[in-house]
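**Student:** Sharing a structure here in structure tokens format.
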Amino acid sequence: RRVFTHAAAATPPAGRIAAPLSSPCRWGRSEGAFGLLGPQCRSFATPEPKLSKAASDALGSIKQTMRRATITLTKAQRRTFPGNIQKYKLMGGRPEFHNVDRNRHGRIFEPWHNFEIVISSSKNNCWITVKNKGWKYRTVIASHAGNVGFRDATKKSEAATQRIAENIARKLKRLGVVCAEVTFRKIMKVETCLQAFQSVGLQVTRLTHRPRLPQGDPAKPRKQRRV
């Protein structure tokens, strides 16, 4: 392939269309019926448009507000702080339940609402979700092993399950919930979660086991053994 530029403008081979010198193009062959390729113009980066003064001021104010402010707590505040101090600093001093949905009155739940704790456990991890039954089963809090500081093979340990359940129970107590229902599918790690709830002071009003049952038509019977 030959490249034609402004400095050296050579005549294109016979039978090919010459491109204007104002746009440097590349010549080559294509797989078309005529065996000719039109001028393949290169695209040059266009300069970015300049922002107006009002737009630049607005962008500067956004960047200023997004800067993380240094938050310092006294020893007494650290001793009686409700929640995770590191997450409080990471969120810029916002309250703990700032991202939880609220109703039109500004409340997360009403006094007559019931809460359901769903425990989903496996061999390697445990997931606990808190749902508000009085408000269309909305998820209020969720936690797992990675959320409480466990990584890799330690996520399957009993200490990780204990920490997850304690985290959920303490958050519910700080939210103002003293009792909840517990639902689970697999029996593994449920006893550890119940012990953690009892140690924190969260009362369990109902314990429901919902096993994963087979759905649809039964499986095809096995073929009869030939002798």
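Residues are referred to by chain and number: the chain letter is A, B, ... according to the order shown in the structure tokens, the number counts from 1 in that chain, and ligands are numbered separately from 1 in the order shown.
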For region 185-199 of chain A, please output as a PDB file with all heavy atoms, in the first residue's frame all residues within 9 Å (counting only C-alpha atoms; exclusion window: fewer than 5 positions along the same chain).
**Tutor:**
```pdb
ATOM      1  N   VAL A 118     -34.226 -13.467  55.942  1.00  0.00           N
ATOM      2  CA  VAL A 118     -34.060 -14.608  55.040  1.00  0.00           C
ATOM      3  C   VAL A 118     -32.593 -15.021  55.061  1.00  0.00           C
ATOM      4  O   VAL A 118     -31.710 -14.220  54.744  1.00  0.00           O
ATOM      5  CB  VAL A 118     -34.507 -14.256  53.606  1.00  0.00           C
ATOM      6  CG1 VAL A 118     -34.371 -15.472  52.699  1.00  0.00           C
ATOM      7  CG2 VAL A 118     -35.940 -13.756  53.609  1.00  0.00           C
ATOM      8  N   ILE A 119     -32.344 -16.271  55.422  1.00  0.00           N
ATOM      9  CA  ILE A 119     -30.980 -16.801  55.500  1.00  0.00           C
ATOM     10  C   ILE A 119     -30.762 -17.734  54.321  1.00  0.00           C
ATOM     11  O   ILE A 119     -31.449 -18.747  54.188  1.00  0.00           O
ATOM     12  CB  ILE A 119     -30.750 -17.550  56.830  1.00  0.00           C
ATOM     13  CG1 ILE A 119     -31.012 -16.633  58.014  1.00  0.00           C
ATOM     14  CG2 ILE A 119     -29.336 -18.105  56.895  1.00  0.00           C
ATOM     15  CD1 ILE A 119     -30.940 -17.321  59.354  1.00  0.00           C
ATOM     16  N   SER A 120     -29.818 -17.382  53.463  1.00  0.00           N
ATOM     17  CA  SER A 120     -29.422 -18.226  52.331  1.00  0.00           C
ATOM     18  C   SER A 120     -27.977 -18.661  52.566  1.00  0.00           C
ATOM     19  O   SER A 120     -27.069 -17.829  52.553  1.00  0.00           O
ATOM     20  CB  SER A 120     -29.537 -17.461  51.002  1.00  0.00           C
ATOM     21  OG  SER A 120     -30.847 -16.980  50.832  1.00  0.00           O
ATOM     22  N   SER A 121     -27.794 -19.927  52.797  1.00  0.00           N
ATOM     23  CA  SER A 121     -26.473 -20.423  53.166  1.00  0.00           C
ATOM     24  C   SER A 121     -26.005 -21.471  52.170  1.00  0.00           C
ATOM     25  O   SER A 121     -26.803 -22.159  51.528  1.00  0.00           O
ATOM     26  CB  SER A 121     -26.507 -21.036  54.570  1.00  0.00           C
ATOM     27  OG  SER A 121     -27.447 -22.087  54.626  1.00  0.00           O
ATOM     28  N   SER A 122     -24.703 -21.553  52.042  1.00  0.00           N
ATOM     29  CA  SER A 122     -24.065 -22.574  51.228  1.00  0.00           C
ATOM     30  C   SER A 122     -22.825 -23.048  51.965  1.00  0.00           C
ATOM     31  O   SER A 122     -22.548 -22.621  53.084  1.00  0.00           O
ATOM     32  CB  SER A 122     -23.707 -22.045  49.833  1.00  0.00           C
ATOM     33  OG  SER A 122     -22.653 -21.118  49.925  1.00  0.00           O
ATOM     34  N   LYS A 123     -22.050 -23.910  51.316  1.00  0.00           N
ATOM     35  CA  LYS A 123     -20.855 -24.428  51.972  1.00  0.00           C
ATOM     36  C   LYS A 123     -19.793 -23.342  52.130  1.00  0.00           C
ATOM     37  O   LYS A 123     -19.001 -23.369  53.076  1.00  0.00           O
ATOM     38  CB  LYS A 123     -20.297 -25.598  51.152  1.00  0.00           C
ATOM     39  CG  LYS A 123     -19.112 -26.291  51.784  1.00  0.00           C
ATOM     40  CD  LYS A 123     -18.621 -27.427  50.921  1.00  0.00           C
ATOM     41  CE  LYS A 123     -17.958 -26.897  49.655  1.00  0.00           C
ATOM     42  NZ  LYS A 123     -17.325 -27.985  48.869  1.00  0.00           N
ATOM     43  N   CYS A 126     -22.527 -17.245  53.428  1.00  0.00           N
ATOM     44  CA  CYS A 126     -23.851 -17.098  54.022  1.00  0.00           C
ATOM     45  C   CYS A 126     -24.363 -15.698  53.706  1.00  0.00           C
ATOM     46  O   CYS A 126     -23.641 -14.711  53.897  1.00  0.00           O
ATOM     47  CB  CYS A 126     -23.785 -17.326  55.536  1.00  0.00           C
ATOM     48  SG  CYS A 126     -25.379 -17.158  56.373  1.00  0.00           S
ATOM     49  N   GLU A 158     -17.116 -20.643  60.671  1.00  0.00           N
ATOM     50  CA  GLU A 158     -18.241 -20.369  61.556  1.00  0.00           C
ATOM     51  C   GLU A 158     -18.159 -18.959  62.136  1.00  0.00           C
ATOM     52  O   GLU A 158     -19.187 -18.337  62.418  1.00  0.00           O
ATOM     53  CB  GLU A 158     -18.254 -21.408  62.684  1.00  0.00           C
ATOM     54  CG  GLU A 158     -19.499 -21.359  63.561  1.00  0.00           C
ATOM     55  CD  GLU A 158     -19.538 -22.487  64.559  1.00  0.00           C
ATOM     56  OE1 GLU A 158     -18.681 -23.377  64.475  1.00  0.00           O
ATOM     57  OE2 GLU A 158     -20.439 -22.471  65.419  1.00  0.00           O
ATOM     58  N   THR A 161     -19.915 -16.584  59.768  1.00  0.00           N
ATOM     59  CA  THR A 161     -21.373 -16.653  59.912  1.00  0.00           C
ATOM     60  C   THR A 161     -21.835 -15.928  61.170  1.00  0.00           C
ATOM     61  O   THR A 161     -22.850 -15.217  61.157  1.00  0.00           O
ATOM     62  CB  THR A 161     -21.814 -18.126  59.958  1.00  0.00           C
ATOM     63  OG1 THR A 161     -21.279 -18.818  58.833  1.00  0.00           O
ATOM     64  CG2 THR A 161     -23.319 -18.232  59.939  1.00  0.00           C
ATOM     65  N   GLN A 162     -21.088 -16.102  62.265  1.00  0.00           N
ATOM     66  CA  GLN A 162     -21.425 -15.412  63.514  1.00  0.00           C
ATOM     67  C   GLN A 162     -21.357 -13.896  63.328  1.00  0.00           C
ATOM     68  O   GLN A 162     -22.261 -13.164  63.766  1.00  0.00           O
ATOM     69  CB  GLN A 162     -20.448 -15.855  64.614  1.00  0.00           C
ATOM     70  CG  GLN A 162     -20.686 -15.219  65.964  1.00  0.00           C
ATOM     71  CD  GLN A 162     -21.676 -15.992  66.803  1.00  0.00           C
ATOM     72  OE1 GLN A 162     -22.074 -17.088  66.409  1.00  0.00           O
ATOM     73  NE2 GLN A 162     -22.074 -15.425  67.921  1.00  0.00           N
ATOM     74  N   ARG A 163     -20.333 -13.424  62.649  1.00  0.00           N
ATOM     75  CA  ARG A 163     -20.178 -11.977  62.443  1.00  0.00           C
ATOM     76  C   ARG A 163     -21.290 -11.429  61.543  1.00  0.00           C
ATOM     77  O   ARG A 163     -21.791 -10.320  61.781  1.00  0.00           O
ATOM     78  CB  ARG A 163     -18.817 -11.711  61.808  1.00  0.00           C
ATOM     79  CG  ARG A 163     -18.455 -10.249  61.683  1.00  0.00           C
ATOM     80  CD  ARG A 163     -17.908  -9.677  62.952  1.00  0.00           C
ATOM     81  NE  ARG A 163     -16.686 -10.349  63.340  1.00  0.00           N
ATOM     82  CZ  ARG A 163     -15.479 -10.042  62.874  1.00  0.00           C
ATOM     83  NH1 ARG A 163     -15.348  -9.078  61.988  1.00  0.00           N
ATOM     84  NH2 ARG A 163     -14.417 -10.678  63.316  1.00  0.00           N
ATOM     85  N   ILE A 164     -21.669 -12.169  60.523  1.00  0.00           N
ATOM     86  CA  ILE A 164     -22.739 -11.709  59.623  1.00  0.00           C
ATOM     87  C   ILE A 164     -24.043 -11.546  60.386  1.00  0.00           C
ATOM     88  O   ILE A 164     -24.742 -10.525  60.281  1.00  0.00           O
ATOM     89  CB  ILE A 164     -22.913 -12.700  58.456  1.00  0.00           C
ATOM     90  CG1 ILE A 164     -21.668 -12.747  57.583  1.00  0.00           C
ATOM     91  CG2 ILE A 164     -24.109 -12.327  57.598  1.00  0.00           C
ATOM     92  CD1 ILE A 164     -21.630 -13.946  56.657  1.00  0.00           C
ATOM     93  N   ALA A 165     -24.405 -12.568  61.184  1.00  0.00           N
ATOM     94  CA  ALA A 165     -25.665 -12.517  61.925  1.00  0.00           C
ATOM     95  C   ALA A 165     -25.637 -11.411  62.982  1.00  0.00           C
ATOM     96  O   ALA A 165     -26.641 -10.704  63.178  1.00  0.00           O
ATOM     97  CB  ALA A 165     -25.926 -13.875  62.569  1.00  0.00           C
ATOM     98  N   GLU A 166     -24.508 -11.243  63.646  1.00  0.00           N
ATOM     99  CA  GLU A 166     -24.412 -10.163  64.627  1.00  0.00           C
ATOM    100  C   GLU A 166     -24.526  -8.793  63.962  1.00  0.00           C
ATOM    101  O   GLU A 166     -25.148  -7.871  64.517  1.00  0.00           O
ATOM    102  CB  GLU A 166     -23.090 -10.269  65.388  1.00  0.00           C
ATOM    103  CG  GLU A 166     -23.032 -11.422  66.366  1.00  0.00           C
ATOM    104  CD  GLU A 166     -21.687 -11.524  67.056  1.00  0.00           C
ATOM    105  OE1 GLU A 166     -20.767 -10.757  66.663  1.00  0.00           O
ATOM    106  OE2 GLU A 166     -21.551 -12.350  67.967  1.00  0.00           O
ATOM    107  N   ILE A 168     -26.236  -8.051  61.253  1.00  0.00           N
ATOM    108  CA  ILE A 168     -27.643  -7.833  60.912  1.00  0.00           C
ATOM    109  C   ILE A 168     -28.453  -7.508  62.163  1.00  0.00           C
ATOM    110  O   ILE A 168     -29.279  -6.570  62.176  1.00  0.00           O
ATOM    111  CB  ILE A 168     -28.204  -9.081  60.211  1.00  0.00           C
ATOM    112  CG1 ILE A 168     -27.625  -9.194  58.790  1.00  0.00           C
ATOM    113  CG2 ILE A 168     -29.718  -9.036  60.144  1.00  0.00           C
ATOM    114  CD1 ILE A 168     -28.097  -8.146  57.821  1.00  0.00           C
ATOM    115  N   ALA A 169     -28.239  -8.255  63.232  1.00  0.00           N
ATOM    116  CA  ALA A 169     -29.022  -8.037  64.454  1.00  0.00           C
ATOM    117  C   ALA A 169     -28.743  -6.662  65.063  1.00  0.00           C
ATOM    118  O   ALA A 169     -29.667  -5.964  65.511  1.00  0.00           O
ATOM    119  CB  ALA A 169     -28.708  -9.145  65.460  1.00  0.00           C
ATOM    120  N   ARG A 170     -27.479  -6.244  65.080  1.00  0.00           N
ATOM    121  CA  ARG A 170     -27.152  -4.931  65.640  1.00  0.00           C
ATOM    122  C   ARG A 170     -27.732  -3.804  64.807  1.00  0.00           C
ATOM    123  O   ARG A 170     -28.199  -2.788  65.349  1.00  0.00           O
ATOM    124  CB  ARG A 170     -25.637  -4.791  65.752  1.00  0.00           C
ATOM    125  CG  ARG A 170     -25.037  -5.605  66.885  1.00  0.00           C
ATOM    126  CD  ARG A 170     -23.537  -5.658  66.803  1.00  0.00           C
ATOM    127  NE  ARG A 170     -22.963  -6.470  67.876  1.00  0.00           N
ATOM    128  CZ  ARG A 170     -21.735  -6.947  67.866  1.00  0.00           C
ATOM    129  NH1 ARG A 170     -20.930  -6.697  66.828  1.00  0.00           N
ATOM    130  NH2 ARG A 170     -21.290  -7.681  68.872  1.00  0.00           N
ATOM    131  N   VAL A 204     -36.798 -13.800  67.962  1.00  0.00           N
ATOM    132  CA  VAL A 204     -37.301 -14.488  66.777  1.00  0.00           C
ATOM    133  C   VAL A 204     -38.724 -14.938  67.075  1.00  0.00           C
ATOM    134  O   VAL A 204     -38.948 -15.778  67.955  1.00  0.00           O
ATOM    135  CB  VAL A 204     -36.406 -15.686  66.406  1.00  0.00           C
ATOM    136  CG1 VAL A 204     -36.985 -16.421  65.201  1.00  0.00           C
ATOM    137  CG2 VAL A 204     -34.986 -15.220  66.115  1.00  0.00           C
ATOM    138  N   THR A 208     -39.329 -20.417  60.015  1.00  0.00           N
ATOM    139  CA  THR A 208     -39.960 -21.102  58.890  1.00  0.00           C
ATOM    140  C   THR A 208     -38.897 -21.756  58.027  1.00  0.00           C
ATOM    141  O   THR A 208     -37.904 -21.113  57.672  1.00  0.00           O
ATOM    142  CB  THR A 208     -40.774 -20.114  58.036  1.00  0.00           C
ATOM    143  OG1 THR A 208     -41.655 -19.378  58.885  1.00  0.00           O
ATOM    144  CG2 THR A 208     -41.575 -20.842  56.979  1.00  0.00           C
ATOM    145  N   HIS A 209     -39.134 -23.024  57.688  1.00  0.00           N
ATOM    146  CA  HIS A 209     -38.242 -23.753  56.786  1.00  0.00           C
ATOM    147  C   HIS A 209     -38.951 -23.926  55.451  1.00  0.00           C
ATOM    148  O   HIS A 209     -39.998 -24.578  55.373  1.00  0.00           O
ATOM    149  CB  HIS A 209     -37.881 -25.125  57.378  1.00  0.00           C
ATOM    150  CG  HIS A 209     -36.947 -25.903  56.509  1.00  0.00           C
ATOM    151  ND1 HIS A 209     -36.931 -27.284  56.481  1.00  0.00           N
ATOM    152  CD2 HIS A 209     -36.003 -25.493  55.623  1.00  0.00           C
ATOM    153  CE1 HIS A 209     -36.010 -27.687  55.615  1.00  0.00           C
ATOM    154  NE2 HIS A 209     -35.453 -26.617  55.090  1.00  0.00           N
ATOM    155  N   ARG A 210     -38.389 -23.317  54.411  1.00  0.00           N
ATOM    156  CA  ARG A 210     -38.954 -23.407  53.059  1.00  0.00           C
ATOM    157  C   ARG A 210     -37.963 -24.147  52.166  1.00  0.00           C
ATOM    158  O   ARG A 210     -37.110 -23.518  51.522  1.00  0.00           O
ATOM    159  CB  ARG A 210     -39.222 -22.021  52.487  1.00  0.00           C
ATOM    160  CG  ARG A 210     -40.340 -21.285  53.194  1.00  0.00           C
ATOM    161  CD  ARG A 210     -40.539 -19.906  52.608  1.00  0.00           C
ATOM    162  NE  ARG A 210     -41.498 -19.130  53.362  1.00  0.00           N
ATOM    163  CZ  ARG A 210     -41.695 -17.827  53.214  1.00  0.00           C
ATOM    164  NH1 ARG A 210     -40.947 -17.156  52.349  1.00  0.00           N
ATOM    165  NH2 ARG A 210     -42.601 -17.195  53.932  1.00  0.00           N
ATOM    166  N   PRO A 211     -38.040 -25.445  52.091  1.00  0.00           N
ATOM    167  CA  PRO A 211     -37.078 -26.177  51.253  1.00  0.00           C
ATOM    168  C   PRO A 211     -37.357 -25.955  49.781  1.00  0.00           C
ATOM    169  O   PRO A 211     -38.499 -25.667  49.371  1.00  0.00           O
ATOM    170  CB  PRO A 211     -37.307 -27.636  51.656  1.00  0.00           C
ATOM    171  CG  PRO A 211     -38.718 -27.667  52.145  1.00  0.00           C
ATOM    172  CD  PRO A 211     -38.977 -26.336  52.771  1.00  0.00           C
ATOM    173  N   ARG A 212     -36.328 -26.099  48.992  1.00  0.00           N
ATOM    174  CA  ARG A 212     -36.471 -25.951  47.545  1.00  0.00           C
ATOM    175  C   ARG A 212     -37.015 -27.259  46.973  1.00  0.00           C
ATOM    176  O   ARG A 212     -36.279 -28.243  46.791  1.00  0.00           O
ATOM    177  CB  ARG A 212     -35.121 -25.618  46.911  1.00  0.00           C
ATOM    178  CG  ARG A 212     -35.219 -25.218  45.450  1.00  0.00           C
ATOM    179  CD  ARG A 212     -33.836 -25.058  44.877  1.00  0.00           C
ATOM    180  NE  ARG A 212     -33.141 -23.924  45.438  1.00  0.00           N
ATOM    181  CZ  ARG A 212     -33.224 -22.685  44.951  1.00  0.00           C
ATOM    182  NH1 ARG A 212     -33.986 -22.451  43.895  1.00  0.00           N
ATOM    183  NH2 ARG A 212     -32.545 -21.713  45.502  1.00  0.00           N
TER     184      ARG A 212
END
```
**Student:** What are the closest atom pairs, with distances in Å to one decimal, for all residues of region 38-141 of chain A lying within 10 Å of region 145-149 of chain A? Consider only C-alpha atoms, order rows by chain and residue number, and present the result as JSON lines.
**Tutor:**
```
{"residue": "A:Asn124", "atom": "CA", "partner": "A:Ala145", "partner_atom": "CA", "distance": 9.4}
{"residue": "A:Asn125", "atom": "CA", "partner": "A:Ala145", "partner_atom": "CA", "distance": 6.4}
{"residue": "A:Cys126", "atom": "CA", "partner": "A:Ala145", "partner_atom": "CA", "distance": 6.6}
{"residue": "A:Trp127", "atom": "CA", "partner": "A:Ala145", "partner_atom": "CA", "distance": 7.5}
{"residue": "A:Ile128", "atom": "CA", "partner": "A:Ala145", "partner_atom": "CA", "distance": 9.7}
```
**Student:** Using CA of Gly106 (chain A) and CA of Thr80 (chain A) as the two end points, give the distance in Å to one decimal.
**Tutor:**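 Value for the CA of Gly106 (chain A)-CA of Thr80 (chain A) distance: 25.7 Å.
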**Student:** To one decimal place, how far is CA of Glu116 (chain A) from CA of Glu181 (chain A) in Å?
**Tutor:**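 About the pair CA of Glu116 (chain A) and CA of Glu181 (chain A): they are 4.6 Å apart.
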**Student:** Which of these residues is nearest to Lys131 (chain A), using only C-alpha atoms: A:Val182, A:Met91, A:Ala153, A:Leu213?
**Tutor:** A:Val182
**Student:** List the spatial neighbours of Asn99 (chain A) as a list in words - criterion: any atom at most 12 Å away, only C-alpha atoms, same-chain residues fewer than 2 positions off excluded.
**Tutor:**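 Result of the neighbour search: Met91, Arg94, Pro95, Glu96, Phe97, Asp101, Arg102, Ile108, Thr139, Val140 and Ile141 of chain A.
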**Student:** Tell me, in Å to one decimal, how far CA of Thr205 (chain A) is from CA of Gly134 (chain A).
**Tutor:**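 Going from CA of Thr205 (chain A) over to CA of Gly134 (chain A) covers 15.5 Å.
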